[in-house]
Every structure is written in structure tokens, then in C-alpha cells.
>>> print(open('my_file-v7.csv').read())   # CSV, C-alpha atoms
chain,number,residue,atom,x,y,z
S,1,MET,CA,78.6,19.4,67.2
S,2,SER,CA,79.7,19.9,70.8
S,3,LEU,CA,78.0,18.6,73.9
S,4,ASN,CA,76.9,22.1,74.7
S,5,ASP,CA,75.1,22.4,71.4
S,6,LEU,CA,73.3,19.2,72.0
S,7,ASN,CA,72.2,20.3,75.5
S,8,GLN,CA,70.7,23.6,74.2
S,9,PRO,CA,66.9,23.7,73.4
S,10,LEU,CA,66.2,23.9,69.7
S,11,HIS,CA,64.1,27.2,70.0
S,12,LYS,CA,67.1,28.9,71.7
S,13,LYS,CA,69.4,27.9,68.8
S,14,ALA,CA,66.8,29.2,66.4
S,15,ARG,CA,66.8,32.6,68.2
S,16,GLU,CA,70.6,32.8,68.1
S,17,ARG,CA,70.6,32.2,64.3
S,18,ALA,CA,68.0,34.9,63.7
S,19,ALA,CA,70.0,37.4,65.8
S,20,ARG,CA,73.1,36.6,63.8
S,21,ARG,CA,71.2,37.3,60.6
S,22,ARG,CA,69.9,40.6,61.9
S,23,ARG,CA,73.5,41.7,62.9
S,24,ALA,CA,74.7,40.9,59.5
S,25,VAL,CA,72.1,43.2,58.0
S,26,VAL,CA,72.2,46.1,60.6
S,27,ALA,CA,76.1,46.5,60.8
S,28,PRO,CA,76.5,47.4,57.1
S,29,ALA,CA,73.6,49.8,57.3
S,30,LEU,CA,75.1,51.6,60.3
S,31,ILE,CA,78.5,51.8,58.6
S,32,GLY,CA,76.9,53.2,55.5
S,33,ALA,CA,75.0,55.8,57.5
S,34,ALA,CA,78.2,56.9,59.2
S,35,LEU,CA,79.9,57.3,55.9
S,36,VAL,CA,77.0,59.5,54.6
S,37,VAL,CA,77.2,61.7,57.7
S,38,ALA,CA,81.0,62.1,57.3
S,39,VAL,CA,80.7,63.1,53.6
S,40,VAL,CA,78.0,65.6,54.4
S,41,ALA,CA,80.1,67.1,57.2
S,42,ALA,CA,83.1,67.4,55.0
S,43,PHE,CA,81.1,69.0,52.2
S,44,TRP,CA,79.6,71.5,54.8
S,45,ILE,CA,83.0,72.6,56.1
S,46,ALA,CA,84.6,72.8,52.6
S,47,VAL,CA,81.8,74.7,51.0
S,48,VAL,CA,80.2,76.7,53.8
S,49,ASP,CA,83.4,77.2,55.8
S,50,ASP,CA,81.6,77.2,59.1
S,51,PRO,CA,83.3,74.7,61.5
S,52,GLU,CA,81.1,76.1,64.3
S,53,GLY,CA,78.1,74.4,62.7
S,54,GLY,CA,76.1,77.6,62.1
S,55,ARG,CA,76.5,79.0,65.7
S,56,ALA,CA,77.0,82.7,66.0
S,57,VAL,CA,80.7,83.5,66.7
S,58,ALA,CA,82.4,86.8,67.5
S,59,VAL,CA,86.0,87.2,66.6
S,60,ALA,CA,88.2,90.0,68.1
S,61,SER,CA,91.7,91.0,67.2
S,62,ILE,CA,93.9,92.5,69.9
S,63,GLU,CA,97.2,94.1,68.9
S,64,ASP,CA,99.6,95.8,71.3
S,65,ALA,CA,101.6,98.9,70.3
S,66,LEU,CA,105.3,98.2,69.9
S,67,PRO,CA,105.0,94.4,70.2
S,68,ALA,CA,108.8,94.1,70.6
S,69,ALA,CA,108.5,95.9,73.9
S,70,THR,CA,105.5,94.3,75.5
S,71,GLY,CA,105.9,91.7,78.2
S,72,SER,CA,103.5,89.2,76.6
S,73,LEU,CA,105.5,88.1,73.6
S,74,ALA,CA,108.5,85.8,73.3
S,75,THR,CA,111.8,87.7,72.7
S,76,GLU,CA,113.8,87.2,69.5
S,77,ASP,CA,116.5,85.4,71.5
S,78,GLY,CA,114.0,82.9,72.8
S,79,ALA,CA,113.8,84.2,76.3
S,80,PRO,CA,110.3,83.6,77.8
S,81,ARG,CA,108.2,86.5,78.9
S,82,ALA,CA,105.5,86.6,81.5
S,83,GLN,CA,102.0,85.6,80.6
S,84,PRO,CA,99.0,87.6,81.6
S,85,ASP,CA,97.2,86.7,84.8
S,86,ASP,CA,93.8,85.1,84.8
S,87,ASP,CA,91.9,88.4,84.7
S,88,ALA,CA,94.0,89.9,81.8
S,89,ALA,CA,91.7,89.2,79.0
S,90,THR,CA,88.7,91.0,80.5
S,91,ASP,CA,90.6,94.1,81.6
S,92,LEU,CA,92.7,94.5,78.4
S,93,ALA,CA,89.5,94.4,76.3
S,94,ALA,CA,88.4,97.5,78.1
S,95,LEU,CA,91.6,99.5,77.3
S,96,PRO,CA,91.4,102.0,74.5
S,97,ALA,CA,93.6,101.6,71.4
S,98,ILE,CA,96.4,104.1,71.8
S,99,PRO,CA,98.9,105.0,69.1
S,100,PRO,CA,102.5,104.0,69.8
S,101,ALA,CA,103.7,107.5,69.5
S,102,VAL,CA,101.8,108.5,72.6
S,103,GLY,CA,104.0,106.3,74.7
S,104,ALA,CA,107.4,106.5,73.1
S,105,ASP,CA,109.4,108.8,70.9
S,106,PRO,CA,111.1,106.8,68.1
S,107,SER,CA,114.1,109.1,68.2
S,108,LEU,CA,114.7,108.1,71.8
S,109,MET,CA,114.8,104.3,71.0
S,110,GLU,CA,117.7,102.2,70.0
S,111,ARG,CA,116.4,99.2,68.0
S,112,THR,CA,118.0,95.9,69.1
S,113,GLY,CA,117.2,92.2,68.8
S,114,LEU,CA,115.8,92.2,72.3
S,115,GLY,CA,113.6,95.2,71.6
S,116,PRO,CA,113.9,99.0,71.8
S,117,LEU,CA,116.4,100.4,74.3
S,118,PRO,CA,116.2,104.0,75.6
S,119,ARG,CA,118.9,106.4,74.3
S,120,ILE,CA,119.7,110.1,74.0
S,121,SER,CA,118.3,111.3,70.7
S,122,PRO,CA,120.7,112.6,67.9
S,123,ASP,CA,119.6,116.2,68.8
S,124,GLY,CA,120.6,115.7,72.5
S,125,ARG,CA,117.1,115.1,74.1
S,126,ARG,CA,117.1,112.7,77.0
S,127,PRO,CA,114.3,110.4,78.1
S,128,ARG,CA,114.4,111.7,81.6
S,129,GLU,CA,113.4,115.1,80.2
S,130,VAL,CA,111.1,114.2,77.3
S,131,TYR,CA,109.1,111.7,79.5
S,132,ALA,CA,109.0,113.8,82.6
S,133,ARG,CA,105.6,114.9,83.8
S,134,ARG,CA,105.1,118.7,83.6
S,135,SER,CA,103.4,119.3,86.9
S,136,ALA,CA,102.1,122.6,88.2
S,137,THR,CA,104.7,125.1,89.3
S,138,VAL,CA,105.2,124.8,93.1
S,139,PRO,CA,105.6,128.1,94.9
S,140,GLU,CA,109.0,128.8,96.5
S,141,GLY,CA,109.3,127.3,100.0
S,142,VAL,CA,106.2,125.0,99.7
S,143,PRO,CA,107.0,121.4,100.9
S,144,ARG,CA,107.0,118.8,98.1
S,145,VAL,CA,106.4,115.1,98.2
S,146,VAL,CA,107.3,112.5,95.6
S,147,ILE,CA,105.4,109.2,95.8
S,148,VAL,CA,106.2,106.2,93.6
S,149,VAL,CA,103.9,103.2,93.4
S,150,GLY,CA,105.6,100.1,92.0
S,151,GLY,CA,104.8,96.6,91.1
S,152,LEU,CA,102.4,97.6,88.3
S,153,GLY,CA,101.9,95.5,85.2
S,154,LEU,CA,101.9,92.2,87.0
S,155,SER,CA,98.2,92.1,87.8
S,156,GLN,CA,96.0,93.6,85.1
S,157,THR,CA,93.3,94.3,87.7
S,158,ALA,CA,95.6,95.9,90.2
S,159,THR,CA,97.2,98.1,87.5
S,160,GLN,CA,93.8,99.2,86.2
S,161,ILE,CA,92.6,100.1,89.8
S,162,ALA,CA,95.9,102.0,90.5
S,163,MET,CA,95.7,104.0,87.3
S,164,ASP,CA,92.1,104.9,87.8
S,165,THR,CA,92.5,105.8,91.5
S,166,LEU,CA,95.9,107.5,92.0
S,167,PRO,CA,96.2,111.2,91.2
S,168,ASP,CA,98.2,112.0,88.1
S,169,ASP,CA,101.2,113.4,90.0
S,170,ILE,CA,101.9,110.0,91.6
S,171,THR,CA,104.8,108.4,89.7
S,172,LEU,CA,104.1,104.8,88.4
S,173,ALA,CA,106.7,102.1,88.3
S,174,PHE,CA,106.2,98.9,86.2
S,175,ALA,CA,107.8,95.5,86.8
S,176,PRO,CA,109.5,94.1,83.7
S,177,TYR,CA,107.6,90.8,83.9
S,178,GLY,CA,104.1,92.1,83.4
S,179,SER,CA,102.1,91.5,80.3
S,180,SER,CA,101.1,94.2,77.7
S,181,LEU,CA,103.4,96.7,79.4
S,182,GLN,CA,103.6,99.0,76.4
S,183,ARG,CA,99.8,99.3,76.3
S,184,TRP,CA,99.8,100.4,80.0
S,185,VAL,CA,102.7,102.8,79.5
S,186,SER,CA,101.0,104.3,76.5
S,187,ARG,CA,97.9,104.9,78.5
S,188,ALA,CA,99.9,106.5,81.3
S,189,ARG,CA,101.6,108.7,78.8
S,190,GLN,CA,98.3,109.7,77.3
S,191,ASP,CA,97.4,111.0,80.7
S,192,TYR,CA,100.8,112.7,80.9
S,193,ARG,CA,101.8,110.6,83.8
S,194,GLU,CA,105.5,109.8,84.7
S,195,VAL,CA,106.6,106.3,84.4
S,196,LEU,CA,109.6,104.3,85.8
S,197,LEU,CA,110.9,100.8,85.1
S,198,GLN,CA,111.8,98.5,88.0
S,199,ILE,CA,115.2,96.7,87.7
S,200,PRO,CA,115.5,93.4,89.6
S,201,MET,CA,118.7,93.4,91.6
S,202,GLU,CA,120.4,90.9,93.9
S,203,PRO,CA,119.2,90.9,97.5
S,204,ASN,CA,121.4,89.8,100.5
S,205,ASN,CA,119.9,86.3,100.6
S,206,TYR,CA,119.9,85.5,96.9
S,207,PRO,CA,118.9,83.0,95.5
S,208,GLN,CA,116.6,82.0,98.4
S,209,GLU,CA,114.9,85.4,97.8
S,210,ASN,CA,114.9,85.9,94.0
S,211,PRO,CA,113.6,89.0,92.3
S,212,GLY,CA,113.1,87.2,89.0
S,213,GLU,CA,114.8,86.3,85.8
S,214,HIS,CA,117.6,88.6,84.5
S,215,THR,CA,118.4,89.8,88.0
S,216,LEU,CA,121.5,92.0,88.1
S,217,LEU,CA,124.1,90.2,90.3
S,218,ALA,CA,126.8,91.9,92.4
S,219,ALA,CA,129.5,89.6,91.0
S,220,ASP,CA,128.2,88.9,87.6
S,221,GLY,CA,130.4,91.3,85.7
S,222,GLY,CA,129.8,91.5,82.0
S,223,ALA,CA,126.7,89.3,82.1
S,224,ASN,CA,124.8,92.0,83.9
S,225,ARG,CA,124.9,94.1,80.7
S,226,GLN,CA,122.9,91.6,78.8
S,227,SER,CA,120.4,91.2,81.7
S,228,LEU,CA,120.1,95.0,81.9
S,229,HIS,CA,119.4,95.3,78.2
S,230,TRP,CA,116.7,92.6,78.5
S,231,VAL,CA,115.0,94.5,81.2
S,232,LEU,CA,115.3,97.9,79.6
S,233,SER,CA,113.8,96.6,76.4
S,234,ARG,CA,110.5,95.4,78.0
S,235,MET,CA,108.8,98.8,77.3
S,236,ALA,CA,109.5,102.3,76.1
S,237,GLY,CA,108.5,105.7,77.3
S,238,TYR,CA,109.9,105.8,80.9
S,239,ALA,CA,111.9,108.6,82.4
S,240,GLY,CA,114.0,106.6,84.8
S,241,VAL,CA,114.5,103.3,86.5
S,242,MET,CA,114.4,102.1,90.1
S,243,ASN,CA,115.6,99.0,92.0
S,244,HIS,CA,113.5,96.0,92.9
S,245,MET,CA,115.2,94.5,96.0
S,246,GLY,CA,119.0,94.8,95.5
S,247,ALA,CA,120.4,95.3,99.0
S,248,ARG,CA,123.6,93.4,98.0
S,249,PHE,CA,123.9,94.9,94.5
S,250,THR,CA,123.5,98.5,95.6
S,251,ALA,CA,126.1,98.0,98.3
S,252,GLU,CA,128.8,97.1,95.8
S,253,GLU,CA,130.5,100.0,94.1
S,254,ALA,CA,132.1,97.7,91.5
S,255,ALA,CA,128.6,96.5,90.4
S,256,LEU,CA,127.0,100.0,90.5
S,257,LEU,CA,129.7,101.7,88.4
S,258,PRO,CA,128.8,100.0,85.0
S,259,PHE,CA,125.1,100.0,85.8
S,260,LEU,CA,124.8,103.7,86.7
S,261,GLY,CA,127.2,104.5,83.9
S,262,GLU,CA,124.9,103.0,81.3
S,263,ILE,CA,121.8,104.5,82.9
S,264,GLY,CA,123.4,107.9,82.6
S,265,GLU,CA,124.6,107.3,79.0
S,266,ARG,CA,121.0,106.4,78.1
S,267,GLY,CA,119.6,109.7,79.5
S,268,LEU,CA,117.7,108.1,82.4
S,269,PHE,CA,117.8,108.7,86.2
S,270,PHE,CA,117.9,106.2,89.0
S,271,LEU,CA,115.6,106.0,92.0
S,272,ASP,CA,117.0,104.1,95.0
S,273,ASP,CA,114.0,102.8,97.0
S,274,GLY,CA,116.0,103.5,100.2
S,275,SER,CA,115.5,99.9,101.5
S,276,SER,CA,119.2,99.3,102.1
S,277,PRO,CA,121.2,101.6,104.5
S,278,ARG,CA,124.4,100.2,102.8
S,279,SER,CA,123.5,101.5,99.3
S,280,GLN,CA,126.2,103.3,97.5
S,281,ALA,CA,124.0,104.5,94.6
S,282,SER,CA,123.9,108.1,95.6
S,283,GLU,CA,127.7,108.4,96.0
S,284,VAL,CA,128.4,106.5,92.8
S,285,GLY,CA,125.8,108.5,90.9
S,286,GLU,CA,127.3,111.8,92.1
S,287,ALA,CA,130.8,110.6,91.0
S,288,LEU,CA,129.4,109.7,87.5
S,289,ARG,CA,127.2,112.8,87.4
S,290,VAL,CA,124.1,110.6,86.9
S,291,PRO,CA,120.9,111.8,88.7
S,292,VAL,CA,120.1,109.5,91.6
S,293,LEU,CA,117.1,110.1,93.9
S,294,THR,CA,116.8,108.2,97.2
S,295,ALA,CA,113.6,107.4,98.9
S,296,ASP,CA,113.1,108.5,102.5
S,297,ARG,CA,110.3,106.1,103.5
S,298,ARG,CA,108.8,102.8,102.5
S,299,LEU,CA,105.1,103.5,103.0
S,300,ASP,CA,103.6,100.0,103.1
S,301,ARG,CA,106.0,97.6,104.9
S,302,SER,CA,102.8,97.0,106.8
S,303,ARG,CA,99.7,96.8,104.7
S,304,VAL,CA,97.4,98.0,107.5
S,305,GLN,CA,95.7,101.2,106.6
S,306,ALA,CA,96.6,103.0,109.9
S,307,ASP,CA,100.3,102.1,109.5
S,308,ILE,CA,100.4,103.4,105.9
S,309,GLU,CA,98.7,106.6,107.1
S,310,GLY,CA,101.4,106.9,109.8
S,311,GLU,CA,104.2,106.6,107.2
S,312,LEU,CA,102.5,109.3,105.1
S,313,ALA,CA,102.4,111.5,108.1
S,314,ALA,CA,106.1,110.9,108.7
S,315,LEU,CA,106.8,111.7,105.0
S,316,GLU,CA,104.9,115.0,105.4
S,317,VAL,CA,107.1,115.9,108.4
S,318,ILE,CA,110.2,115.3,106.4
S,319,ALA,CA,108.9,117.5,103.6
S,320,ARG,CA,108.1,120.3,105.9
S,321,THR,CA,111.6,120.0,107.4
S,322,ARG,CA,113.7,119.6,104.3
S,323,GLY,CA,111.4,120.9,101.6
S,324,LEU,CA,111.3,117.6,99.8
S,325,ALA,CA,110.5,114.0,100.8
S,326,VAL,CA,110.3,110.8,98.7
S,327,GLY,CA,108.1,107.7,99.5
S,328,VAL,CA,107.7,104.4,97.7
S,329,ALA,CA,105.0,101.8,97.9
S,330,SER,CA,103.5,98.8,96.0
S,331,ALA,CA,100.2,98.6,94.2
S,332,PHE,CA,98.4,96.8,97.0
S,333,PRO,CA,94.7,97.7,97.2
S,334,THR,CA,95.0,99.2,100.7
S,335,SER,CA,98.2,101.1,99.7
S,336,VAL,CA,96.6,102.6,96.6
S,337,GLU,CA,93.4,103.6,98.3
S,338,THR,CA,95.2,105.2,101.3
S,339,ILE,CA,97.8,107.1,99.2
S,340,ALA,CA,95.1,108.4,96.8
S,341,ARG,CA,93.1,109.8,99.7
S,342,TRP,CA,96.1,111.4,101.3
S,343,ALA,CA,97.3,112.9,98.0
S,344,ARG,CA,93.9,114.4,97.3
S,345,GLU,CA,93.9,116.2,100.8
S,346,ALA,CA,97.6,117.1,100.9
S,347,GLU,CA,97.4,120.4,99.0
S,348,SER,CA,94.8,121.7,101.6
S,349,ARG,CA,97.5,121.2,104.2
S,350,GLY,CA,100.1,123.1,102.1
S,351,ILE,CA,101.8,120.0,100.7
S,352,PHE,CA,102.4,119.6,96.9
S,353,VAL,CA,102.7,116.1,95.3
S,354,VAL,CA,105.2,116.2,92.4
S,355,PRO,CA,106.5,113.5,90.0
S,356,ALA,CA,110.0,112.0,90.7
S,357,SER,CA,111.7,114.0,88.0
S,358,ALA,CA,110.7,117.3,89.6
S,359,ALA,CA,113.0,116.4,92.5
S,360,LEU,CA,116.2,115.8,90.5
S,361,ASP,CA,117.5,119.3,90.8
S,362,SER,CA,116.9,119.5,94.5
>>> encode(input="my_file-v7.csv", output="C-alpha cells")
Amino acid sequence: MSLNDLNQPLHKKARERAARRRRAVVAPALIGAALVVAVVAAFWIAVVDDPEGGRAVAVASIEDALPAATGSLATEDGAPRAQPDDDAATDLAALPAIPPAVGADPSLMERTGLGPLPRISPDGRRPREVYARRSATVPEGVPRVVIVVGGLGLSQTATQIAMDTLPDDITLAFAPYGSSLQRWVSRARQDYREVLLQIPMEPNNYPQENPGEHTLLAADGGANRQSLHWVLSRMAGYAGVMNHMGARFTAEEAALLPFLGEIGERGLFFLDDGSSPRSQASEVGEALRVPVLTADRRLDRSRVQADIEGELAALEVIARTRGLAVGVASAFPTSVETIARWAREAESRGIFVVPASAALDS
């Protein structure tokens, strides 16, 4: 017996002994109750198969057409693809289910480990012809304007707004890093819209300014072919491709020759966004007999509405002077709204808006 025990009052020691007896009785009871609860829970899950505990649960299955071509799945070679932005789930749920055949013709696809690549069909049909929008016939001598809005597919909300707002003759260009690209392209094709794919190319200050993974580099030689195939496989159903950045790449004839050669062999056309005065794309395309269309104006270098309206007015002057003008823009909200309003009013001023492919023979 310790000194402390001797110094404690007897009634205090009695209370402590009683508390120890109660703990000895309560602890086994609690353990037993816990075991009963665990057994009941296990039985409920196994028999009833309802891990949500009886709460009502809705389960939806979302499947993309041509999953090998969408931007939301991993590639077979392990290369990562872009994930949807935060608003993707809400917007994609509202999209209608569209059969794959609406967006792409299987005879125009070469199946590869990366995904489907565009090709000329065995009977000689080319994607730039099959996927071209058949717009209304423009009377002889009437000024025509091509407008291409790019950067689509990256933001689900911005893409939805652009497709709902822009007139059908505006050409749509999708970035290769977007999610659910094939679903968007299929929807565009259902509306008989014309679609382009944007190809990331090396700018002058690369890599400080980087267009993204699988960028085509001016001095990359054979590696560019693999990168090009990766980009081309992100979706199917497009009539042509256009550059994203690329001031350095398009200035190098040695880089353009194999690139435009393959674009031509696959039955596509190339749209040069006109951002670089040193671009050799038009000259190389002519030498290879590959259709190349060069933009005259970048419509939204400034995102201010008045500035975009000024660029559209300048584009209209070019069209009246030469008969054809080509403008490019990005899917910024102000750009989309301003372009849509201008396009709706253009015909009343004697200007016809036509898809990019309609200008290839000009």
C-alpha cells in the first residue's frame, strides 16, 4: 500500500472500486453491441445490395460516339488527354445522343492505335469535299466572307454558346485538347456545319509561349509526324486543319513540306490564320498542289466590342474589293456575340457569309 493510498479517504476509494466494476460490465456490452451492428450492416449490404442505405439514387450512363477519337479518354499509347472543365458535366448532359455516322464516314477513316486518322476513301472521296458545308449558291459578283471561330471544345459552356449563337455558315475550329470532341463535332455535322481541327505549331518564342502538348516544331523532323497523327486522331469529321500559333513553324519551308504533304495526301485543306507575315504556307501549298486558304484579318486581337466591329467592317471592305475575305476569331463571349450579330445583318448589305471550303477554288 502506497502513501497516497493511505492518505485517500475511504469513501473515495470505495467510489473508485465501484467505477472500475461498472467499466468492467459496460465495456463488453458496448463491444457486443458494435458487433451486432456490424453483422446487421453486412447482412443488409449482401442481401439487399443497397450500400446507399435505402436513399433514392439516380444512375446515368454517358457514352461518347467514337471513344477512340474523343479528347476525354486516355490514348492507347498512354498519352494523357485533356479533362473536362468544371462545367462539363452539366452541359454534356443536355447534349442529344447522336449516332457516330452523323459526324464521320467510316470509309474516310484510317484506324490506328492512336485513333482514327482522316484519309481519302477507296473510291476517291476526300474529307474536304465530303465534310464541306453545302451553303446557298452565291450570285456571281456578290462579295463573300469566310469567318472561322476557333478555340472550341476547351470550355463546354463557351462551345455550347458558340454553337447556339453563331449562324450555320460560320466555320467552327476545335482545339485538340478539348473533352468530348467527337460529340461536339457530331452535333455540328448534324446541323451541316463545317468543322476544322486546330494544329498546335511552334511560335517564335517557344517554349516560353507553348501551344500545348504534341506541338509541331520547326526543327523536329520525323518526330513531327507522330505528333501530327496524335492531333489528327482526336476527332473525325473535319474538312481541314488550321494552325494554332506557329509563326516559326510556318516560316520554315523544310517543316512545312512534310506537313502540308501529308495534309494533302489525307484529302484535307489548310487554313493559315494569317498571324505571321513570314508564313510560307501558301507558296508551299501551291507547289504541292495542296489547298491553302490564308486569313486576311484577325478579328479579336482586342476583345472590345467596338474593335471587333471595326475589324469586321475592314473585312467587309476587303470582300467588296476582292470578292472574298477571310477572318478568324476565338470563341470569346464578346467575339461570338459581335460576329453573330454582324453575320445576321451582312446579307442585307449585299455580303454573303460562306464556309471556308467554299473559298478554296477562288
>>> atom_distance(input="my_file-v7.csv", atom1="CA of Val353 (chain S)", atom2="CA of Ile161 (chain S)")
19.7 Å
>>> closest_residue(input="my_file-v7.csv", among="S:Glu316, S:Glu129, S:Asp168, S:Glu202", to="Pro291 (chain S)", atoms="all atoms listed in the file")
S:Glu129
>>> residues_around(input="my_file-v7.csv", residues="region 230-239 of chain S", least_positions_apart="6", cutoff="8 Å", atoms="all atoms listed in the file", output="PyMOL selection string")
chain S and resi 68-71+103-105+109+114-118+127-132+176+181-182+185-186+189+194-197+199+214+268-269+357
>>> residues_around(input="my_file-v7.csv", residues="Pro211 (chain S)", least_positions_apart="3", cutoff="9 Å", atoms="all atoms listed in the file", output="PDB file with C-alpha atoms, in the coordinates of the input")
ATOM      1  CA  PRO S 200     115.500  93.400  89.600  1.00  0.00           C
ATOM      2  CA  MET S 201     118.700  93.400  91.600  1.00  0.00           C
ATOM      3  CA  GLU S 202     120.400  90.900  93.900  1.00  0.00           C
ATOM      4  CA  PRO S 203     119.200  90.900  97.500  1.00  0.00           C
ATOM      5  CA  TYR S 206     119.900  85.500  96.900  1.00  0.00           C
ATOM      6  CA  PRO S 207     118.900  83.000  95.500  1.00  0.00           C
ATOM      7  CA  HIS S 214     117.600  88.600  84.500  1.00  0.00           C
ATOM      8  CA  THR S 215     118.400  89.800  88.000  1.00  0.00           C
ATOM      9  CA  HIS S 244     113.500  96.000  92.900  1.00  0.00           C
ATOM     10  CA  MET S 245     115.200  94.500  96.000  1.00  0.00           C
ATOM     11  CA  GLY S 246     119.000  94.800  95.500  1.00  0.00           C
TER      12      GLY S 246
END
>>> residues_around(input="my_file-v7.csv", residues="Pro167 (chain S)", least_positions_apart="5", cutoff="9 Å", atoms="all atoms listed in the file", output="ChimeraX atom specification")
/S:340,343-344
>>> residues_around(input="my_file-v7.csv", residues="region 138-154 of chain S", least_positions_apart="2", cutoff="6 Å", atoms="only C-alpha atoms", output="list of chain:residue names")
S:Thr159, S:Ile170, S:Thr171, S:Leu172, S:Ala173, S:Phe174, S:Ala175, S:Gly178, S:Ala319, S:Arg320, S:Gly323, S:Leu324, S:Ala325, S:Val326, S:Gly327, S:Val328, S:Ala329, S:Ser330, S:Ala331, S:Ile351, S:Phe352, S:Val353, S:Val354, S:Pro355, S:Ala356
>>> residues_around(input="my_file-v7.csv", residues="Glu309 (chain S)", least_positions_apart="5", cutoff="12 Å", atoms="only C-alpha atoms", output="PyMOL selection string")
chain S and resi 298-304+314-316+334-343
>>> closest_residue(input="my_file-v7.csv", among="S:Pro333, S:Gly261, S:Gln190, S:Asn205", to="Val292 (chain S)", atoms="all atoms listed in the file")
S:Gly261
>>> atom_distance(input="my_file-v7.csv", atom1="CA of Arg111 (chain S)", atom2="CA of Asp191 (chain S)")
25.7 Å
>>> atom_distance(input="my_file-v7.csv", atom1="CA of Leu217 (chain S)", atom2="CA of Arg278 (chain S)")
16.0 Å
>>> closest_residue(input="my_file-v7.csv", among="S:Ala247, S:Ser180, S:Phe259, S:Glu345", to="Leu312 (chain S)", atoms="only C-alpha atoms")
S:Glu345
>>> closest_residue(input="my_file-v7.csv", among="S:Met242, S:Val284, S:Leu166, S:Ala359", to="Ala255 (chain S)", atoms="all atoms listed in the file")
S:Val284
